There are 2 protein chains.
Amino acid sequence: MTFPDYFPIWDQLRQDQRDRLLESLMLRTVPRGTVLHNGDMDCTGLLLVKSGQLRAYILSPEGREITLYRLFDRDMCLFSASCILRSIQFEVTIEAEKETQFWVIPPEVYQRLMEESAPVANYTGELMADRFSEVMWLMEQIMWKSLDKRLAAFLLEEAAIEGTNQLKITHETIANHLGSHREVITRMLRYFQNEGMVKLSRGMVAILDGGRLKELGVS
Amino acid sequence: MTFPDYFPIWDQLRQDQRDRLLESLMLRTVPRGTVLHNGDMDCTGLLLVKSGQLRAYILSPEGREITLYRLFDRDMCLFSASCILRSIQFEVTIEAEKETQFWVIPPEVYQRLMEESAPVANYTGELMADRFSEVMWLMEQIMWKSLDKRLAAFLLEEAAIEGTNQLKITHETIANHLGSHREVITRMLRYFQNEGMVKLSRGMVAILDGGRLKELGVS
């Protein structure tokens, strides 16, 4: 599997555009925990994930985090190239949650493609609309949904991503995903444990009753 | 002032594209309070505001509102044409806050322009990035900022939009803008009044000390 297999509008590029893209690409592998982009960094470029998992989050002035979305195989990260989208006026941090391999498309190469190709420009717009939709979903959760429901939905999502009900995750990390405080998450998890929905141990949350979590999460 | 004066990328269109656009346009005027778009309606088309004021907001399942952003003269509303941006997976309601005059660009006409013109596609992406940035700003406010600060910032914004410190607005309406409850807003406004920052009367909030509100709002 090579870059053209991962880049959805490859077929709509001219040969000279394909050549330019392939010549400029870099394939990188980073270990878990690497911060690939934040507000202080120069424009990193567009990232196309080959394998692994990235997390996009925002930071409060006091250092609290909230996860906006995750990127998996074949997902493209636009916000690491916010320099070429001048109207993007917010800062997102992108971090590898697992060892991740990805292609970097240099910003000036992508910008030229966008300017000369309507398919590339429209694809970029669709990507932005995707992320926008995820953030709107999140905002609706935050505005209208209580933390117990958001926590239940988060645990189930993690279990689906990891393919296991034995989640290796700290309360601090969960708080960072949900924009909450560790103490608040610990209290809520203990309530879930008392209700028999999870079992807590050091650095672990085991899901015992996914059905009830699901009922809670979707209600 | 005609449509070409209001449409920022007019100069980058070909003559046949300009003709198609002008032939398909409709100029409409709606009274204050008109709902121009919501999730149940068909795809309304793109709206380009000539004069007046539109409000975009989301609704909770229980009918609570939160204002996402406002559109003024020369602003273009994309989300009333979400049918042509397939990745937009959320529902926004668009309502006229004042008598508003606007052009409607039919969705199929705009879609064809986007498909054949990189400038139109890129312009659309920039518009989406603008709105995305406004929503991200709002989310950061909601996540990290307390309601007193948000209320102070809201009152000052209203005063700037209306050009007066005598705001004709109910507590219910303010609550709808901020995604809060009327009772909560009334309590906070009374606190502001006790502090000498505002004066409350029936259906009115008068700003007495804009300087202190500003200090509170930006802190």
# chains A, B, ... in the order shown; residues from 1 in each chain; ligands from 1
$ closest_atom_pairs --of "stretch 90-209 of chain B" --to "stretch 55-71 of chain A" --cutoff "9 Å" --atoms "only C-alpha atoms" --output "tab-separated table"
residue	atom	partner	partner_atom	distance
B:Glu140	CA	A:Ser60	CA	7.5
B:Met143	CA	A:Ser60	CA	8.3
B:Trp144	CA	A:Ser60	CA	6.3
$ interface_residues --of "chain B" --to "chain A" --cutoff "6 Å" --atoms "only C-alpha atoms" --output "PyMOL selection string"
chain B and resi 87-90+117-118+121-122+125-126+129-130+133
$ residues_around --residues "B:Trp10" --least-positions-apart "2" --cutoff "12 Å" --atoms "only C-alpha atoms" --output "list of chain:residue names"
B:Thr2, B:Phe3, B:Pro4, B:Asp5, B:Tyr6, B:Phe7, B:Pro8, B:Gln12, B:Leu13, B:Arg14, B:Gln15, B:Asp16, B:Gln17, B:Arg18, B:Asp19, B:Leu21, B:Leu22, B:Leu113, B:Ser117, B:Pro119, B:Val120, B:Tyr123
$ atom_distance --atom1 "atom CA of B:Leu27" --atom2 "atom CA of B:Lys98"
16.3 Å
$ select_by_dssp --residues "stretch 2-199 of chain B" --states "strand (DSSP E or B)" --output "MDAnalysis selection string"
chainID B and resid 26:30 35:37 46:51 54:59 65:71 76:77 93:96 100:105 166:168 198:199
$ closest_residue --among "A:Gln101, A:Gln193, A:Ser51, A:Ser80" --to "A:Thr29" --atoms "only C-alpha atoms"
A:Gln101
$ select_by_dssp --residues "stretch 57-203 of chain B" --states "helix (DSSP H, G or I)" --output "PyMOL selection string"
chain B and resi 79-84+107-116+118-144+147-162+171-178+182-194
